[in-house]
Amino acid sequence: MIKKQRGVITRIDGKRCRIHSQGENHRAYIKYKIKGADPNSSKPLCVGDEVVFQRDKSDEIKIEEVLPRKSKLSRRAIGGASKEQVVVSNVEQLLIVTSVGMPAFHPAIIDRFLVASFQGNLDPIICINKTDLFGEEPNPELVTEVIEIYRNLKYSIILTSTVEKEGLEELESLLQGRSTVVAGHSGVGKSSLLLSLDPNLKLVTKEVGKKTKRGRHATTSVNLLPLKQGGYVVDTPGIRELSLWETEEREVSLYFPEMLALSSQCKYRGCTHIHEPKCEVKRAVEAGELPLFRYESYLHIMESLQMETMASRPIYRDS
Ligand SMILES: Nc1nc2c(ncn2[C@@H]2O[C@H](COP(=O)(O)OP(=O)(O)O)[C@@H](O)[C@H]2O)c(=O)[nH]1
Ligand SMILES: [Mg+2]
Ligand SMILES: [Zn+2]
């Protein structure tokens, strides 16, 4: 009798993937229809997925089923139809990395990833790296204000420098024994931070793949890597922009706890806090009670959702 096994997808390269199961790695092709795969996803599988597989008669591994995901980091797939791209599933936390100085500090990406972590059932950790470059930061007051605000909102936030070895023990204690996906703009120091914890990690950098009609196509592969301290990390060289997947506009303020607390006092039920009169959120922003940068992040997200909704609508032409 052919035995069914369970395993975790630890790497995907195009149509090939690697499955880890009971201390062994197996290679498989993703070419069969897989039970449990979400038809709205751009791909049937992602790294982190738990699968059921077996060897077929010709000794090939057949992935039969993908089990429901406990958590995920997803975004809107790039290109044509509206599809979800799950970057990684079943990890526990999302380490959101930003930097000061080079590149300059951008809190908007933190808020976007905080929304994604709420939606995907991931515990967020905010990391502000390159504190040694604080002197070169164009807007140091903003950084200080933002740190204070996230602390008050009870988010886990750490300040690090891989150059001056600041905050690395704290980072280690947050990551050891847990599974973490690391995300943030390119150049903020994600890979450096991970390597400072475990210099032997085999991080995947951007691979320049096949030459296509549109020029060179840079493929990035996602990899679930064991940490020497225990736990796993996933580096994501591919995420530069995160378009939120399947987010209703009215849902966005739910992910901004301080706005949610105010919205019951808005005059209109379902207030979007953008154009409505007698809006408590807008009043609080104007009074300096609600941080402007948080409100701006909220507006950016709302705006990009509106644009995405428009872009995904079919275009009708008069003939
Ligand atoms: N000054 C300074 N530079 C850093 C720090 N961490 C990383 N870097 C540098 O920033 C650049 C980008 O780092 P990298 O880890 O590749 O960023 P990633 O694209 O987010 O993975 C590299 O030149 C690193 O040496 C830091 O704490 N301070
Ligand atoms: Mg990197
Ligand atoms: Zn309102």
# chains A, B, ... in the order shown; residues from 1 in each chain; ligands from 1

call {"tool": "residues_around", "arguments": {"residues": "A:Gln176", "least_positions_apart": "2", "cutoff": "10 Å", "atoms": "only C-alpha atoms", "output": "number ranges by chain"}}
result
A: 171-174, 178-180, 197, 227-233

call {"tool": "residues_around", "arguments": {"residues": "A:Phe53", "least_positions_apart": "3", "cutoff": "6 Å", "atoms": "only C-alpha atoms", "output": "CSV table (one decimal) with N, CA and C atoms, in the first residue's frame"}}
result
chain,number,residue,atom,x,y,z
A,4,LYS,N,0.5,7.6,2.6
A,4,LYS,CA,0.4,9.1,2.5
A,4,LYS,C,1.2,9.7,3.5
A,5,GLN,N,1.8,10.9,3.2
A,5,GLN,CA,2.6,11.6,4.2
A,5,GLN,C,2.2,13.0,4.2
A,62,LYS,N,3.6,12.9,-5.7
A,62,LYS,CA,2.4,13.6,-6.1
A,62,LYS,C,1.8,14.3,-4.9
A,63,ILE,N,1.6,15.6,-5.0
A,63,ILE,CA,1.0,16.4,-3.9
A,63,ILE,C,-0.5,16.3,-4.1
A,64,GLU,N,-1.2,15.7,-3.1
A,64,GLU,CA,-2.6,15.5,-3.3
A,64,GLU,C,-3.5,16.5,-2.7

call {"tool": "select_by_dssp", "arguments": {"residues": "stretch 50-149 of chain A", "states": "strand (DSSP E)", "output": "number ranges by chain"}}
result
A: 50-55, 61-66, 72-76, 84-89, 93-99, 123-129

call {"tool": "write_last_selection", "arguments": {"atoms": "C-alpha atoms", "output": "PDB file, in the first residue's frame"}}
result
ATOM      1  CA  GLU A  50       1.102  21.944   4.754  1.00  0.00           C
ATOM      2  CA  VAL A  51       0.496  19.238   2.188  1.00  0.00           C
ATOM      3  CA  VAL A  52      -0.421  15.595   1.922  1.00  0.00           C
ATOM      4  CA  PHE A  53       1.651  13.733  -0.628  1.00  0.00           C
ATOM      5  CA  GLN A  54       2.588  10.267  -1.810  1.00  0.00           C
ATOM      6  CA  ARG A  55       4.868   8.574  -4.299  1.00  0.00           C
ATOM      7  CA  ILE A  61       5.938  12.634  -5.661  1.00  0.00           C
ATOM      8  CA  LYS A  62       2.359  13.591  -6.067  1.00  0.00           C
ATOM      9  CA  ILE A  63       1.004  16.396  -3.923  1.00  0.00           C
ATOM     10  CA  GLU A  64      -2.585  15.457  -3.278  1.00  0.00           C
ATOM     11  CA  GLU A  65      -3.933  18.003  -0.909  1.00  0.00           C
ATOM     12  CA  VAL A  66      -3.105  21.331   0.633  1.00  0.00           C
ATOM     13  CA  LYS A  72      -0.841  34.070   5.571  1.00  0.00           C
ATOM     14  CA  LEU A  73       0.873  37.083   4.158  1.00  0.00           C
ATOM     15  CA  SER A  74      -0.880  37.884   0.947  1.00  0.00           C
ATOM     16  CA  ARG A  75      -1.138  40.615  -1.573  1.00  0.00           C
ATOM     17  CA  ARG A  76      -2.833  41.306  -4.830  1.00  0.00           C
ATOM     18  CA  GLU A  84      -4.496  36.667  -4.535  1.00  0.00           C
ATOM     19  CA  GLN A  85      -0.815  35.973  -4.190  1.00  0.00           C
ATOM     20  CA  VAL A  86       0.021  34.310  -0.926  1.00  0.00           C
ATOM     21  CA  VAL A  87       3.684  34.983  -0.253  1.00  0.00           C
ATOM     22  CA  VAL A  88       3.940  32.599   2.681  1.00  0.00           C
ATOM     23  CA  SER A  89       1.515  30.746   4.903  1.00  0.00           C
ATOM     24  CA  GLN A  93       4.849  36.523  12.967  1.00  0.00           C
ATOM     25  CA  LEU A  94       5.608  39.310  10.529  1.00  0.00           C
ATOM     26  CA  LEU A  95       8.773  41.325  11.088  1.00  0.00           C
ATOM     27  CA  ILE A  96       8.235  44.688   9.426  1.00  0.00           C
ATOM     28  CA  VAL A  97      11.610  46.256   8.734  1.00  0.00           C
ATOM     29  CA  THR A  98      12.182  49.939   8.023  1.00  0.00           C
ATOM     30  CA  SER A  99      15.283  52.069   8.250  1.00  0.00           C
ATOM     31  CA  ASP A 123       1.727  38.836  15.032  1.00  0.00           C
ATOM     32  CA  PRO A 124       3.496  41.978  13.871  1.00  0.00           C
ATOM     33  CA  ILE A 125       6.887  43.174  15.103  1.00  0.00           C
ATOM     34  CA  ILE A 126       8.071  46.587  13.953  1.00  0.00           C
ATOM     35  CA  CYS A 127      11.806  46.963  13.464  1.00  0.00           C
ATOM     36  CA  ILE A 128      13.506  50.281  12.820  1.00  0.00           C
ATOM     37  CA  ASN A 129      16.981  49.469  11.588  1.00  0.00           C
TER      38      ASN A 129
END

call {"tool": "select_by_dssp", "arguments": {"residues": "stretch 44-233 of chain A", "states": "helix (DSSP H, G or I)", "output": "VMD selection string"}}
result
chain A and resid 107 to 120 131 to 136 140 to 152 168 to 175 190 to 197

call {"tool": "write_last_selection", "arguments": {"atoms": "C-alpha atoms", "output": "PDB file, in the first residue's frame"}}
result
ATOM      1  CA  PRO A 107       6.047  54.907   8.253  1.00  0.00           C
ATOM      2  CA  ALA A 108       3.364  54.289   5.591  1.00  0.00           C
ATOM      3  CA  ILE A 109       4.767  50.863   4.773  1.00  0.00           C
ATOM      4  CA  ILE A 110       4.552  49.910   8.451  1.00  0.00           C
ATOM      5  CA  ASP A 111       0.846  50.698   8.544  1.00  0.00           C
ATOM      6  CA  ARG A 112       0.234  48.787   5.346  1.00  0.00           C
ATOM      7  CA  PHE A 113       1.985  45.709   6.704  1.00  0.00           C
ATOM      8  CA  LEU A 114       0.167  46.094  10.016  1.00  0.00           C
ATOM      9  CA  VAL A 115      -3.104  45.826   8.100  1.00  0.00           C
ATOM     10  CA  ALA A 116      -1.783  42.780   6.250  1.00  0.00           C
ATOM     11  CA  SER A 117      -0.783  41.181   9.550  1.00  0.00           C
ATOM     12  CA  PHE A 118      -4.259  41.711  11.007  1.00  0.00           C
ATOM     13  CA  GLN A 119      -5.838  40.208   7.933  1.00  0.00           C
ATOM     14  CA  GLY A 120      -3.443  37.296   7.718  1.00  0.00           C
ATOM     15  CA  THR A 131      19.881  53.517  14.111  1.00  0.00           C
ATOM     16  CA  ASP A 132      23.566  54.332  13.570  1.00  0.00           C
ATOM     17  CA  LEU A 133      22.393  56.543  10.684  1.00  0.00           C
ATOM     18  CA  PHE A 134      19.950  58.482  12.815  1.00  0.00           C
ATOM     19  CA  GLY A 135      22.067  61.607  12.287  1.00  0.00           C
ATOM     20  CA  GLU A 136      21.454  61.362   8.530  1.00  0.00           C
ATOM     21  CA  PRO A 140      14.214  62.530  12.959  1.00  0.00           C
ATOM     22  CA  GLU A 141      11.252  64.094  14.804  1.00  0.00           C
ATOM     23  CA  LEU A 142       8.867  61.914  12.823  1.00  0.00           C
ATOM     24  CA  VAL A 143      10.797  58.780  13.789  1.00  0.00           C
ATOM     25  CA  THR A 144      10.641  59.645  17.486  1.00  0.00           C
ATOM     26  CA  GLU A 145       6.940  60.466  17.266  1.00  0.00           C
ATOM     27  CA  VAL A 146       6.152  57.258  15.399  1.00  0.00           C
ATOM     28  CA  ILE A 147       8.032  55.061  17.869  1.00  0.00           C
ATOM     29  CA  GLU A 148       6.097  56.628  20.737  1.00  0.00           C
ATOM     30  CA  ILE A 149       2.780  56.122  18.952  1.00  0.00           C
ATOM     31  CA  TYR A 150       3.345  52.454  18.162  1.00  0.00           C
ATOM     32  CA  ARG A 151       4.497  51.871  21.738  1.00  0.00           C
ATOM     33  CA  ASN A 152       1.286  53.447  22.987  1.00  0.00           C
ATOM     34  CA  LEU A 168      20.120  42.325  18.074  1.00  0.00           C
ATOM     35  CA  GLU A 169      19.637  40.362  21.289  1.00  0.00           C
ATOM     36  CA  GLU A 170      16.103  41.622  21.513  1.00  0.00           C
ATOM     37  CA  LEU A 171      15.536  40.650  17.894  1.00  0.00           C
ATOM     38  CA  GLU A 172      16.937  37.209  18.633  1.00  0.00           C
ATOM     39  CA  SER A 173      14.676  36.699  21.608  1.00  0.00           C
ATOM     40  CA  LEU A 174      11.651  37.649  19.523  1.00  0.00           C
ATOM     41  CA  LEU A 175      12.523  35.344  16.643  1.00  0.00           C
ATOM     42  CA  LYS A 190      16.390  42.651   6.192  1.00  0.00           C
ATOM     43  CA  SER A 191      19.059  40.235   5.018  1.00  0.00           C
ATOM     44  CA  SER A 192      21.732  41.847   7.206  1.00  0.00           C
ATOM     45  CA  LEU A 193      19.520  41.482  10.288  1.00  0.00           C
ATOM     46  CA  LEU A 194      18.873  37.809   9.618  1.00  0.00           C
ATOM     47  CA  LEU A 195      22.536  37.116   8.922  1.00  0.00           C
ATOM     48  CA  SER A 196      23.489  38.852  12.157  1.00  0.00           C
ATOM     49  CA  LEU A 197      21.418  36.244  13.994  1.00  0.00           C
TER      50      LEU A 197
END

call {"tool": "atom_distance", "arguments": {"atom1": "atom 17 (O, counted along the ligand's line) of ligand 1", "atom2": "atom CA of A:Val222"}}
result
15.5 Å

call {"tool": "residues_around", "arguments": {"residues": "stretch 269-273 of chain A", "least_positions_apart": "3", "cutoff": "8 Å", "atoms": "only C-alpha atoms", "output": "list in words"}}
result
Glu249, Arg250, Ser253, Ser263, Ser264, Cys266, Glu276, Cys279, Glu280, Val281 and Lys282 of chain A

call {"tool": "closest_residue", "arguments": {"among": "A:Gly48, A:Pro39, A:Pro103, A:Gly184", "to": "ligand 2", "atoms": "only C-alpha atoms and all ligand atoms"}}
result
A:Gly184
